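*Asks:* Just start.tsv, nothing more (TSV, C-alpha atoms and all ligand atoms):
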chain	number	residue	atom	x	y	z
S	1	MET	CA	-1.76	6.79	-20.22
S	2	LYS	CA	0.33	3.79	-19.22
S	3	LEU	CA	0.45	2.53	-15.65
S	4	TYR	CA	3.40	0.26	-14.85
S	5	VAL	CA	2.58	-2.05	-11.96
S	6	ASN	CA	3.14	-5.43	-10.46
S	7	GLU	CA	-0.25	-6.97	-9.76
S	8	ALA	CA	0.75	-8.38	-6.36
S	9	ALA	CA	2.73	-5.35	-5.20
S	10	THR	CA	1.50	-3.19	-2.34
S	11	THR	CA	1.63	0.30	-3.78
S	12	SER	CA	0.60	-0.87	-7.27
S	13	ARG	CA	-2.65	-2.32	-5.95
S	14	ALA	CA	-3.73	0.98	-4.42
S	15	VAL	CA	-3.39	2.75	-7.76
S	16	MET	CA	-4.96	-0.11	-9.73
S	17	ALA	CA	-7.99	-0.20	-7.41
S	18	PHE	CA	-8.48	3.55	-7.81
S	19	VAL	CA	-8.16	3.34	-11.62
S	20	GLU	CA	-10.67	0.48	-11.61
S	21	ALA	CA	-13.13	2.27	-9.30
S	22	GLU	CA	-13.04	5.54	-11.23
S	23	GLY	CA	-13.02	3.97	-14.69
S	24	ILE	CA	-9.82	5.82	-15.59
S	25	ASP	CA	-8.53	4.99	-19.05
S	26	ALA	CA	-5.04	3.68	-18.35
S	27	GLU	CA	-3.22	0.82	-20.02
S	28	ILE	CA	-1.94	-1.53	-17.31
S	29	CYS	CA	1.64	-2.65	-18.05
S	30	SER	CA	2.83	-5.50	-15.91
S	31	VAL	CA	6.40	-5.46	-14.56
S	32	ASP	CA	7.73	-8.82	-13.37
S	33	LEU	CA	9.54	-8.11	-10.09
S	34	MET	CA	10.40	-11.78	-9.56
S	35	SER	CA	12.49	-11.96	-12.74
S	36	GLY	CA	14.02	-8.53	-12.07
S	37	GLU	CA	12.35	-6.74	-14.99
S	38	HIS	CA	12.41	-3.53	-12.93
S	39	HIS	CA	16.22	-3.63	-13.02
S	40	GLN	CA	16.34	-3.86	-16.82
S	41	PRO	CA	17.17	-0.62	-18.67
S	42	ALA	CA	13.70	-0.30	-20.24
S	43	TYR	CA	12.06	0.12	-16.83
S	44	ALA	CA	15.02	1.47	-14.80
S	45	THR	CA	15.24	4.41	-17.22
S	46	LEU	CA	11.60	5.20	-16.50
S	47	ASN	CA	12.02	4.89	-12.76
S	48	PRO	CA	15.67	4.91	-11.60
S	49	ASN	CA	14.43	3.85	-8.16
S	50	ARG	CA	13.60	0.52	-9.86
S	51	MET	CA	10.25	0.33	-8.16
S	52	VAL	CA	6.64	0.10	-9.29
S	53	PRO	CA	4.30	1.82	-9.86
S	54	ALA	CA	5.13	4.43	-12.48
S	55	LEU	CA	2.74	6.41	-14.65
S	56	VAL	CA	3.43	7.70	-18.15
S	57	ASP	CA	1.03	10.30	-19.49
S	58	GLY	CA	2.41	11.51	-22.81
S	59	ASP	CA	5.81	13.01	-22.02
S	60	PHE	CA	5.02	13.19	-18.29
S	61	VAL	CA	6.51	10.42	-16.14
S	62	LEU	CA	5.42	10.17	-12.52
S	63	THR	CA	6.58	7.83	-9.75
S	64	GLU	CA	5.48	7.40	-6.11
S	65	SER	CA	2.07	5.83	-5.67
S	66	SER	CA	0.69	8.63	-3.50
S	67	ALA	CA	1.66	11.25	-6.11
S	68	ILE	CA	0.15	9.08	-8.85
S	69	LEU	CA	-3.10	8.75	-6.89
S	70	ARG	CA	-3.28	12.53	-6.46
S	71	TYR	CA	-2.50	13.15	-10.14
S	72	LEU	CA	-5.08	10.64	-11.36
S	73	ALA	CA	-7.68	12.08	-9.01
S	74	ALA	CA	-6.89	15.58	-10.29
S	75	VAL	CA	-7.04	14.74	-14.02
S	76	SER	CA	-10.19	12.65	-13.61
S	77	GLY	CA	-11.87	15.25	-11.37
S	78	SER	CA	-12.53	12.63	-8.71
S	79	SER	CA	-14.19	13.68	-5.47
S	80	ALA	CA	-12.00	11.08	-3.74
S	81	TYR	CA	-9.40	13.88	-3.47
S	82	PRO	CA	-11.52	16.76	-2.14
S	83	SER	CA	-10.99	20.30	-3.39
S	84	ASP	CA	-11.76	21.97	-0.03
S	85	ALA	CA	-8.39	22.98	1.45
S	86	ARG	CA	-8.94	21.46	4.89
S	87	GLU	CA	-10.53	18.26	3.63
S	88	ARG	CA	-7.68	17.84	1.17
S	89	ALA	CA	-5.11	18.55	3.87
S	90	ARG	CA	-6.64	15.77	5.99
S	91	VAL	CA	-6.28	13.31	3.10
S	92	ASP	CA	-2.68	14.46	2.60
S	93	GLU	CA	-2.01	14.09	6.33
S	94	LEU	CA	-3.17	10.48	6.37
S	95	MET	CA	-1.26	9.61	3.18
S	96	ALA	CA	1.92	11.14	4.61
S	97	TRP	CA	1.42	9.30	7.89
S	98	PHE	CA	1.01	5.97	6.12
S	99	ASP	CA	3.98	6.61	3.80
S	100	ALA	CA	6.46	7.97	6.32
S	101	ASN	CA	5.43	6.25	9.54
S	102	PHE	CA	3.25	3.20	9.08
S	103	TYR	CA	4.79	1.69	5.91
S	104	LYS	CA	8.31	2.14	7.30
S	105	ASP	CA	7.54	0.30	10.54
S	106	PHE	CA	4.87	-2.20	9.48
S	107	GLY	CA	6.12	-2.92	5.96
S	108	TYR	CA	9.85	-2.42	5.93
S	109	SER	CA	10.69	-3.45	9.51
S	110	PHE	CA	8.00	-6.02	10.36
S	111	VAL	CA	6.54	-7.76	7.28
S	112	TYR	CA	9.12	-7.54	4.48
S	113	PRO	CA	12.11	-8.86	6.50
S	114	GLN	CA	10.04	-11.97	7.26
S	115	LEU	CA	9.35	-12.60	3.58
S	116	PHE	CA	12.01	-11.36	1.22
S	117	ALA	CA	15.74	-12.16	1.22
S	118	HIS	CA	16.62	-8.74	-0.18
S	119	HIS	CA	15.16	-7.16	2.98
S	120	SER	CA	17.49	-9.14	5.24
S	121	ARG	CA	19.66	-7.06	7.57
S	122	GLY	CA	22.54	-9.48	7.03
S	123	SER	CA	22.15	-12.09	9.76
S	124	ALA	CA	19.38	-14.08	11.45
S	125	GLU	CA	20.02	-12.16	14.66
S	126	ALA	CA	19.77	-8.77	12.95
S	127	ASP	CA	16.59	-9.90	11.17
S	128	ARG	CA	15.03	-11.01	14.47
S	129	ALA	CA	15.91	-7.68	16.10
S	130	THR	CA	14.48	-5.77	13.13
S	131	VAL	CA	11.22	-7.72	13.18
S	132	ASN	CA	10.84	-7.27	16.95
S	133	PHE	CA	11.53	-3.56	16.63
S	134	GLY	CA	9.07	-3.34	13.72
S	135	ARG	CA	6.42	-5.24	15.67
S	136	THR	CA	6.64	-2.84	18.64
S	137	LEU	CA	6.37	0.22	16.41
S	138	ALA	CA	3.65	-1.33	14.22
S	139	ASN	CA	1.55	-1.95	17.34
S	140	GLN	CA	2.07	1.65	18.44
S	141	ARG	CA	1.02	2.93	15.02
S	142	LEU	CA	-2.03	0.66	14.90
S	143	ALA	CA	-3.09	1.89	18.34
S	144	VAL	CA	-2.90	5.50	17.09
S	145	LEU	CA	-4.90	4.56	13.99
S	146	ASP	CA	-7.51	2.75	16.07
S	147	HIS	CA	-7.89	5.29	18.89
S	148	HIS	CA	-7.10	8.56	17.15
S	149	TYR	CA	-7.64	8.62	13.37
S	150	LEU	CA	-10.55	6.13	13.43
S	151	GLY	CA	-11.45	6.79	17.06
S	152	ASP	CA	-14.87	8.37	16.43
S	153	GLY	CA	-16.09	5.30	14.55
S	154	ARG	CA	-15.94	6.94	11.11
S	155	ALA	CA	-16.37	4.70	8.10
S	156	PHE	CA	-13.27	5.83	6.23
S	157	LEU	CA	-9.97	7.42	7.19
S	158	THR	CA	-10.99	11.05	6.86
S	159	GLY	CA	-14.72	10.79	7.47
S	160	ASP	CA	-17.74	9.12	5.99
S	161	THR	CA	-16.58	9.08	2.40
S	162	LEU	CA	-13.91	7.06	0.68
S	163	THR	CA	-10.83	9.00	-0.44
S	164	ILE	CA	-7.54	8.16	-2.10
S	165	ALA	CA	-6.06	7.92	1.42
S	166	ASP	CA	-8.15	4.78	1.97
S	167	TYR	CA	-6.81	3.07	-1.16
S	168	HIS	CA	-3.27	4.04	-0.23
S	169	ALA	CA	-3.51	2.99	3.42
S	170	ALA	CA	-5.45	-0.25	2.94
S	171	SER	CA	-2.91	-1.50	0.40
S	172	ILE	CA	-0.12	-0.99	2.94
S	173	LEU	CA	-2.05	-2.61	5.78
S	174	SER	CA	-2.99	-5.54	3.51
S	175	LEU	CA	0.63	-6.69	3.74
S	176	GLY	CA	-0.41	-8.24	7.03
S	177	GLU	CA	-2.40	-10.81	5.02
S	178	LEU	CA	0.90	-12.29	3.82
S	179	ILE	CA	1.99	-13.20	7.35
S	180	GLY	CA	-1.48	-14.02	8.66
S	181	CYS	CA	-1.59	-10.94	10.87
S	182	SER	CA	-4.63	-10.59	13.12
S	183	LEU	CA	-6.09	-7.11	13.62
S	184	SER	CA	-8.45	-8.22	16.39
S	185	ALA	CA	-6.71	-5.99	18.96
S	186	TYR	CA	-7.65	-3.01	16.76
S	187	PRO	CA	-11.37	-3.37	16.05
S	188	ARG	CA	-11.85	0.00	14.34
S	189	VAL	CA	-8.87	-0.65	12.08
S	190	GLU	CA	-10.16	-4.11	11.26
S	191	ALA	CA	-13.68	-2.82	10.48
S	192	TRP	CA	-12.31	-0.03	8.26
S	193	TYR	CA	-9.94	-2.42	6.45
S	194	ARG	CA	-12.74	-4.95	5.82
S	195	ARG	CA	-14.91	-2.09	4.49
S	196	VAL	CA	-12.25	-1.20	1.90
S	197	CYS	CA	-11.71	-4.89	1.08
S	198	GLY	CA	-15.44	-5.12	0.36
S	199	LEU	CA	-15.25	-2.61	-2.51
S	200	ASP	CA	-15.79	-4.22	-5.92
S	201	SER	CA	-12.73	-2.47	-7.33
S	202	TRP	CA	-10.60	-3.77	-4.46
S	203	THR	CA	-11.73	-7.36	-4.91
S	204	ARG	CA	-11.12	-7.19	-8.66
S	205	VAL	CA	-7.50	-6.06	-8.44
S	206	ASN	CA	-6.43	-8.16	-5.47
S	207	HIS	CA	-6.68	-11.67	-6.94
S	208	ALA	CA	-2.94	-12.08	-7.54
S	209	PHE	CA	-2.13	-10.73	-4.09
S	210	MET	CA	-4.62	-12.99	-2.29
S	211	GLY	CA	-3.23	-15.95	-4.27
S	212	PHE	CA	0.24	-15.02	-3.04
S	213	ALA	CA	-1.08	-14.78	0.55
S	214	ALA	CA	-2.72	-18.22	0.21
S	215	SER	CA	0.57	-19.71	-1.01
S	216	LEU	CA	2.21	-18.62	2.29
S	217	ALA	CA	-0.58	-19.85	4.55
S	218	ASN	CA	1.33	-22.93	5.78
S	219	GLN	CA	4.40	-20.99	6.87
S	220	SER	CA	4.77	-19.55	10.34
S	221	PHE	CA	5.55	-15.89	10.89
S	222	VAL	CA	5.92	-13.52	13.82
S	223	GLY	CA	2.54	-11.95	14.50
S	224	LEU	CA	1.58	-8.64	16.07
S	225	SER	CA	1.02	-10.01	19.57
S	301	LIG	N1	7.36	4.90	-2.15
S	301	LIG	C1	7.13	4.08	-3.30
S	301	LIG	C2	7.37	2.64	-2.88
S	301	LIG	C3	7.20	1.70	-4.06
S	301	LIG	C4	7.54	0.28	-3.66
S	301	LIG	O1	7.88	-0.02	-2.51
S	301	LIG	N2	7.47	-0.61	-4.66
S	301	LIG	C5	7.86	-1.99	-4.44
S	301	LIG	C6	6.68	-2.92	-4.62
S	301	LIG	S1	5.40	-2.57	-3.45
S	301	LIG	C7	8.90	-2.37	-5.48
S	301	LIG	O2	8.82	-1.97	-6.63
S	301	LIG	N3	9.90	-3.15	-5.06
S	301	LIG	C8	10.92	-3.60	-5.93
S	301	LIG	C9	12.00	-4.31	-5.16
S	301	LIG	O3	11.84	-4.45	-3.93
S	301	LIG	O4	12.96	-4.74	-5.77
S	301	LIG	C10	5.70	4.27	-3.82
S	301	LIG	O5	4.80	4.53	-3.01
S	301	LIG	O6	5.48	4.16	-5.03
Could you rewrite the structure in this file as structure tokens?
*Replies:*
Amino acid sequence: MKLYVNEAATTSRAVMAFVEAEGIDAEICSVDLMSGEHHQPAYATLNPNRMVPALVDGDFVLTESSAILRYLAAVSGSSAYPSDARERARVDELMAWFDANFYKDFGYSFVYPQLFAHHSRGSAEADRATVNFGRTLANQRLAVLDHHYLGDGRAFLTGDTLTIADYHAASILSLGELIGCSLSAYPRVEAWYRRVCGLDSWTRVNHAFMGFAASLANQSFVGLS
């Protein structure tokens, strides 16, 4: 199996941490997003969306990090994607929520427009409006995560055991590290996030990302409050 990733990229890190934690035999193939390697035919043929990650298992090519996590959990028989229908549905619910709601607002409207020129909405005014809109929605989402999904003080997103939803979600939330985002208004979210960050597998795959975050530490960004 070959797993195409960028070591600092959000959705790549979730899959890499899971592969590392489960000891899954996958060759990690690095794709350089900064030089545009994902736009070159070799990679763009594999994933016409020109995004990482992508998994190649023989003649089977799979994109979308959440689908890759589910596939890897299935082929490795990992209990991190439970077989019980309701437990599995809860994991799917959280992954869908993070993909469709949280990543859109927190990542694409709040964090990315502050960092990357290709996420600009075309003018400084439009960028400011986007970031303000994203901040409002990100705070609403974090409040739901804090009070509802994690509201009973559970250790992980769907209960007391770690699942692929935790890898997926923590990698998206970790984007806040790039803009020095404080989670202090959301203590259950912060405690859960720190718990995932404390996993050996997480620490091992996040060196490049934390280096990137450190390189931005002197810049000022719009925060959550
Ligand atoms: N929904 C996709 C999103 C993948 C994604 O956003 N990948 C980013 C890195 S985190 C990427 O490849 N970006 C390339 C670019 O922005 O040009 C997934 O979960 O795999």
*Asks:* Can you work out the spacing between atom CA of S:Ala217 and atom CA of S:Tyr186 in Å, to one decimal?
*Replies:*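 The value is 22.0 Å.
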*Asks:* Counting all atoms listed in the file, give me one row per residue of chain S with an atom at most 7 Å from an atom of ligand LIG 301 (chain S), showing the shortest contact pair and its distance in Å to one decimal, sorted by chain then residue number, as a Markdown table.
*Replies:*
| residue | atom | partner | partner_atom | distance |
| --- | --- | --- | --- | --- |
| S:Ala9 | CA | S:LIG301 | S1 | 4.2 |
| S:Thr10 | CA | S:LIG301 | S1 | 4.1 |
| S:Thr11 | CA | S:LIG301 | S1 | 4.7 |
| S:Ser12 | CA | S:LIG301 | S1 | 6.4 |
| S:Leu33 | CA | S:LIG301 | C8 | 6.3 |
| S:Arg50 | CA | S:LIG301 | O2 | 6.3 |
| S:Met51 | CA | S:LIG301 | O2 | 3.1 |
| S:Val52 | CA | S:LIG301 | O2 | 4.0 |
| S:Pro53 | CA | S:LIG301 | O6 | 5.5 |
| S:Thr63 | CA | S:LIG301 | O6 | 6.1 |
| S:Glu64 | CA | S:LIG301 | O6 | 3.4 |
| S:Ser65 | CA | S:LIG301 | O6 | 3.9 |
| S:Ser66 | CA | S:LIG301 | O5 | 5.8 |
*Asks:* Could you write those residues out with C-alpha atoms, as a short mmCIF file (atom, residue, chain, number, x, y, z; two decimals), keeping the file's coordinate frame?
*Replies:*
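Contents of result-v9.cif, as written:
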data_model
loop_
_atom_site.label_atom_id
_atom_site.label_comp_id
_atom_site.auth_asym_id
_atom_site.auth_seq_id
_atom_site.Cartn_x
_atom_site.Cartn_y
_atom_site.Cartn_z
CA ALA S 9 2.73 -5.35 -5.20
CA THR S 10 1.50 -3.19 -2.34
CA THR S 11 1.63 0.30 -3.78
CA SER S 12 0.60 -0.87 -7.27
CA LEU S 33 9.54 -8.11 -10.09
CA ARG S 50 13.60 0.52 -9.86
CA MET S 51 10.25 0.33 -8.16
CA VAL S 52 6.64 0.10 -9.29
CA PRO S 53 4.30 1.82 -9.86
CA THR S 63 6.58 7.83 -9.75
CA GLU S 64 5.48 7.40 -6.11
CA SER S 65 2.07 5.83 -5.67
CA SER S 66 0.69 8.63 -3.50
#
*Asks:* Just how far from atom CA of S:Leu3 is atom CA of S:Val189, in Å to one decimal?
*Replies:*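 These atoms are spaced 29.4 Å apart.
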*Asks:* What does the distance between atom CA of S:Ala14 and atom CA of S:Ile68 come to in Å, to one decimal place?
*Replies:*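 Those two atoms sit 10.0 Å apart.
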*Asks:* Smallest atom-to-atom distance to S:Ser83: which of S:Pro113, S:Met34, S:Thr163, S:Phe60, using all atoms listed in the file?
*Replies:*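 Residue with the minimum atom-to-atom distance to S:Ser83: S:Thr163.
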*Asks:* Which is closest to S:Gln219 among S:Thr203, S:Gln114, S:Ser182, S:Arg128, if we use only C-alpha atoms?
*Replies:* S:Gln114
*Asks:* Show me the residues around (-6.7, -13.8, -2.4) - criterion: an atom at most 12 Å away, all atoms listed in the file counted - as a list in words.
*Replies:*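 Protein, DNA and RNA residues close to (-6.7, -13.8, -2.4): Glu7, Ala8, Ser174, Leu175, Glu177, Leu178, Cys197, Trp202, Thr203, Arg204, Val205, Asn206, His207, Ala208, Phe209, Met210, Gly211, Phe212, Ala213, Ala214, Ser215, Leu216 and Ala217 of chain S.
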*Asks:* For each of S:Gly198, S:Gly153, S:Gly107, S:Gly77, take the minimum atom-to-atom distance to S:Gly23, counting only C-alpha atoms, then give the residue where this is smallest.
*Replies:* S:Gly77
*Asks:* Skip S:Leu72 itself and residues of its chain fewer than 3 positions away, then list as a list in words all residues within 8 Å of it, counting only C-alpha atoms.
*Replies:*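 Counting only the stated atoms, we get Val19, Ile24, Ile68, Leu69, Val75 and Ser76 of chain S.
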*Asks:* Considering only C-alpha atoms, state which residue in the set S:Phe221, S:Tyr193, S:Phe18, S:Tyr4 is at the smallest distance from S:Asp146.
*Replies:*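 Distance minimum relative to S:Asp146 lands on S:Tyr193.
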*Asks:* Counting only C-alpha atoms, I want the residues whose atoms come within 10 Å of (9.2, -0.7, 15.1) in the file frame, returned as number ranges by chain.
*Replies:* S: 101-102, 104-110, 129-141
*Asks:* Tell me, as an NGL selection string, which residues lie within 10 Å of S:Asp200, counting all atoms listed in the file; anything in the same chain fewer than 6 positions away does not count.
*Replies:* :S and (17 or 20-21)
*Asks:* Residues as selected, C-alpha atoms, written as a PDB file, in the frame of the given file, can you do that?
*Replies:*
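Final output, saved to part.pdb:
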ATOM      1  CA  ALA S  17      -7.990  -0.200  -7.410  1.00  0.00           C
ATOM      2  CA  GLU S  20     -10.670   0.480 -11.610  1.00  0.00           C
ATOM      3  CA  ALA S  21     -13.130   2.270  -9.300  1.00  0.00           C
TER       4      ALA S  21
END
*Asks:* Would you mind listing what lies within 12 Å of S:Ala185 as a PyMOL selection string, with only C-alpha atoms counted and same-chain residues fewer than 6 positions away left out?
*Replies:* chain S and resi 139-140+142-143+145-147+191+223-225
*Asks:* Which residue out of S:Ala80, S:Leu62, S:Cys181, S:Ala74 has the minimum interatomic distance to S:Thr161 when all atoms listed in the file are used?
*Replies:*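 Of all the options, S:Ala80 lies closest to S:Thr161.
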*Asks:* Name the closest residue to S:Val15 among the candidates S:Tyr71, S:Phe116, S:Trp192, S:Tyr103; distances are taken between atoms, counting all atoms listed in the file.
*Replies:*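 Closest to S:Val15, using all atoms listed in the file: S:Tyr71.
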*Asks:* How would stretch 31-60 of chain S look written as a PDB file, in the first residue's frame with N, CA and C atoms?
*Replies:*
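Listing of out_27.pdb after writing:
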ATOM      1  N   VAL S  31       4.234  14.293  -0.843  1.00  0.00           N
ATOM      2  CA  VAL S  31       3.868  15.153  -1.978  1.00  0.00           C
ATOM      3  C   VAL S  31       4.130  16.594  -1.549  1.00  0.00           C
ATOM      4  N   ASP S  32       4.964  17.297  -2.324  1.00  0.00           N
ATOM      5  CA  ASP S  32       5.360  18.655  -1.945  1.00  0.00           C
ATOM      6  C   ASP S  32       4.315  19.665  -2.442  1.00  0.00           C
ATOM      7  N   LEU S  33       3.454  20.100  -1.521  1.00  0.00           N
ATOM      8  CA  LEU S  33       2.389  21.044  -1.905  1.00  0.00           C
ATOM      9  C   LEU S  33       2.967  22.416  -2.241  1.00  0.00           C
ATOM     10  N   MET S  34       4.051  22.782  -1.553  1.00  0.00           N
ATOM     11  CA  MET S  34       4.629  24.122  -1.757  1.00  0.00           C
ATOM     12  C   MET S  34       5.149  24.294  -3.191  1.00  0.00           C
ATOM     13  N   SER S  35       5.722  23.232  -3.750  1.00  0.00           N
ATOM     14  CA  SER S  35       6.244  23.349  -5.119  1.00  0.00           C
ATOM     15  C   SER S  35       5.180  22.983  -6.151  1.00  0.00           C
ATOM     16  N   GLY S  36       3.987  22.608  -5.681  1.00  0.00           N
ATOM     17  CA  GLY S  36       2.895  22.310  -6.621  1.00  0.00           C
ATOM     18  C   GLY S  36       2.955  20.898  -7.193  1.00  0.00           C
ATOM     19  N   GLU S  37       3.628  19.980  -6.495  1.00  0.00           N
ATOM     20  CA  GLU S  37       3.738  18.610  -7.004  1.00  0.00           C
ATOM     21  C   GLU S  37       2.358  17.962  -7.210  1.00  0.00           C
ATOM     22  N   HIS S  38       1.382  18.411  -6.404  1.00  0.00           N
ATOM     23  CA  HIS S  38       0.036  17.828  -6.523  1.00  0.00           C
ATOM     24  C   HIS S  38      -0.678  18.251  -7.807  1.00  0.00           C
ATOM     25  N   HIS S  39      -0.120  19.273  -8.481  1.00  0.00           N
ATOM     26  CA  HIS S  39      -0.713  19.690  -9.764  1.00  0.00           C
ATOM     27  C   HIS S  39      -0.022  19.012 -10.952  1.00  0.00           C
ATOM     28  N   GLN S  40       1.053  18.311 -10.687  1.00  0.00           N
ATOM     29  CA  GLN S  40       1.770  17.626 -11.777  1.00  0.00           C
ATOM     30  C   GLN S  40       0.986  16.364 -12.175  1.00  0.00           C
ATOM     31  N   PRO S  41       1.093  15.986 -13.456  1.00  0.00           N
ATOM     32  CA  PRO S  41       0.285  14.855 -13.949  1.00  0.00           C
ATOM     33  C   PRO S  41       0.420  13.583 -13.114  1.00  0.00           C
ATOM     34  N   ALA S  42       1.618  13.300 -12.610  1.00  0.00           N
ATOM     35  CA  ALA S  42       1.809  12.032 -11.882  1.00  0.00           C
ATOM     36  C   ALA S  42       0.841  11.938 -10.714  1.00  0.00           C
ATOM     37  N   TYR S  43       0.680  13.056  -9.970  1.00  0.00           N
ATOM     38  CA  TYR S  43      -0.234  13.002  -8.818  1.00  0.00           C
ATOM     39  C   TYR S  43      -1.672  13.361  -9.221  1.00  0.00           C
ATOM     40  N   ALA S  44      -1.824  14.343 -10.115  1.00  0.00           N
ATOM     41  CA  ALA S  44      -3.177  14.792 -10.496  1.00  0.00           C
ATOM     42  C   ALA S  44      -3.962  13.679 -11.190  1.00  0.00           C
ATOM     43  N   THR S  45      -3.266  12.726 -11.795  1.00  0.00           N
ATOM     44  CA  THR S  45      -3.953  11.582 -12.405  1.00  0.00           C
ATOM     45  C   THR S  45      -4.519  10.678 -11.314  1.00  0.00           C
ATOM     46  N   LEU S  46      -3.731  10.567 -10.238  1.00  0.00           N
ATOM     47  CA  LEU S  46      -4.156   9.741  -9.095  1.00  0.00           C
ATOM     48  C   LEU S  46      -5.352  10.369  -8.392  1.00  0.00           C
ATOM     49  N   ASN S  47      -5.245  11.656  -8.124  1.00  0.00           N
ATOM     50  CA  ASN S  47      -6.332  12.377  -7.478  1.00  0.00           C
ATOM     51  C   ASN S  47      -6.607  13.680  -8.246  1.00  0.00           C
ATOM     52  N   PRO S  48      -7.593  13.643  -9.154  1.00  0.00           N
ATOM     53  CA  PRO S  48      -7.893  14.833  -9.966  1.00  0.00           C
ATOM     54  C   PRO S  48      -8.311  16.042  -9.137  1.00  0.00           C
ATOM     55  N   ASN S  49      -8.649  15.822  -7.854  1.00  0.00           N
ATOM     56  CA  ASN S  49      -8.928  16.963  -6.973  1.00  0.00           C
ATOM     57  C   ASN S  49      -7.651  17.699  -6.596  1.00  0.00           C
ATOM     58  N   ARG S  50      -6.498  17.063  -6.898  1.00  0.00           N
ATOM     59  CA  ARG S  50      -5.180  17.658  -6.608  1.00  0.00           C
ATOM     60  C   ARG S  50      -5.031  17.976  -5.124  1.00  0.00           C
ATOM     61  N   MET S  51      -5.415  17.028  -4.337  1.00  0.00           N
ATOM     62  CA  MET S  51      -5.322  17.167  -2.880  1.00  0.00           C
ATOM     63  C   MET S  51      -4.744  15.887  -2.283  1.00  0.00           C
ATOM     64  N   VAL S  52      -4.067  16.041  -1.150  1.00  0.00           N
ATOM     65  CA  VAL S  52      -3.621  14.884  -0.375  1.00  0.00           C
ATOM     66  C   VAL S  52      -4.563  14.756   0.817  1.00  0.00           C
ATOM     67  N   PRO S  53      -4.748  13.539   1.351  1.00  0.00           N
ATOM     68  CA  PRO S  53      -4.031  12.308   1.019  1.00  0.00           C
ATOM     69  C   PRO S  53      -4.725  11.506  -0.079  1.00  0.00           C
ATOM     70  N   ALA S  54      -3.994  10.496  -0.575  1.00  0.00           N
ATOM     71  CA  ALA S  54      -4.572   9.478  -1.452  1.00  0.00           C
ATOM     72  C   ALA S  54      -3.914   8.150  -1.095  1.00  0.00           C
ATOM     73  N   LEU S  55      -4.684   7.097  -1.204  1.00  0.00           N
ATOM     74  CA  LEU S  55      -4.176   5.765  -0.872  1.00  0.00           C
ATOM     75  C   LEU S  55      -4.228   4.899  -2.122  1.00  0.00           C
ATOM     76  N   VAL S  56      -3.156   4.146  -2.346  1.00  0.00           N
ATOM     77  CA  VAL S  56      -3.152   3.188  -3.458  1.00  0.00           C
ATOM     78  C   VAL S  56      -2.883   1.808  -2.872  1.00  0.00           C
ATOM     79  N   ASP S  57      -3.855   0.929  -3.042  1.00  0.00           N
ATOM     80  CA  ASP S  57      -3.729  -0.442  -2.541  1.00  0.00           C
ATOM     81  C   ASP S  57      -3.931  -1.366  -3.735  1.00  0.00           C
ATOM     82  N   GLY S  58      -2.823  -1.749  -4.362  1.00  0.00           N
ATOM     83  CA  GLY S  58      -2.919  -2.525  -5.609  1.00  0.00           C
ATOM     84  C   GLY S  58      -3.551  -1.664  -6.684  1.00  0.00           C
ATOM     85  N   ASP S  59      -4.658  -2.150  -7.265  1.00  0.00           N
ATOM     86  CA  ASP S  59      -5.311  -1.356  -8.315  1.00  0.00           C
ATOM     87  C   ASP S  59      -6.441  -0.480  -7.752  1.00  0.00           C
ATOM     88  N   PHE S  60      -6.489  -0.388  -6.425  1.00  0.00           N
ATOM     89  CA  PHE S  60      -7.562   0.375  -5.758  1.00  0.00           C
ATOM     90  C   PHE S  60      -7.006   1.726  -5.300  1.00  0.00           C
TER      91      PHE S  60
END
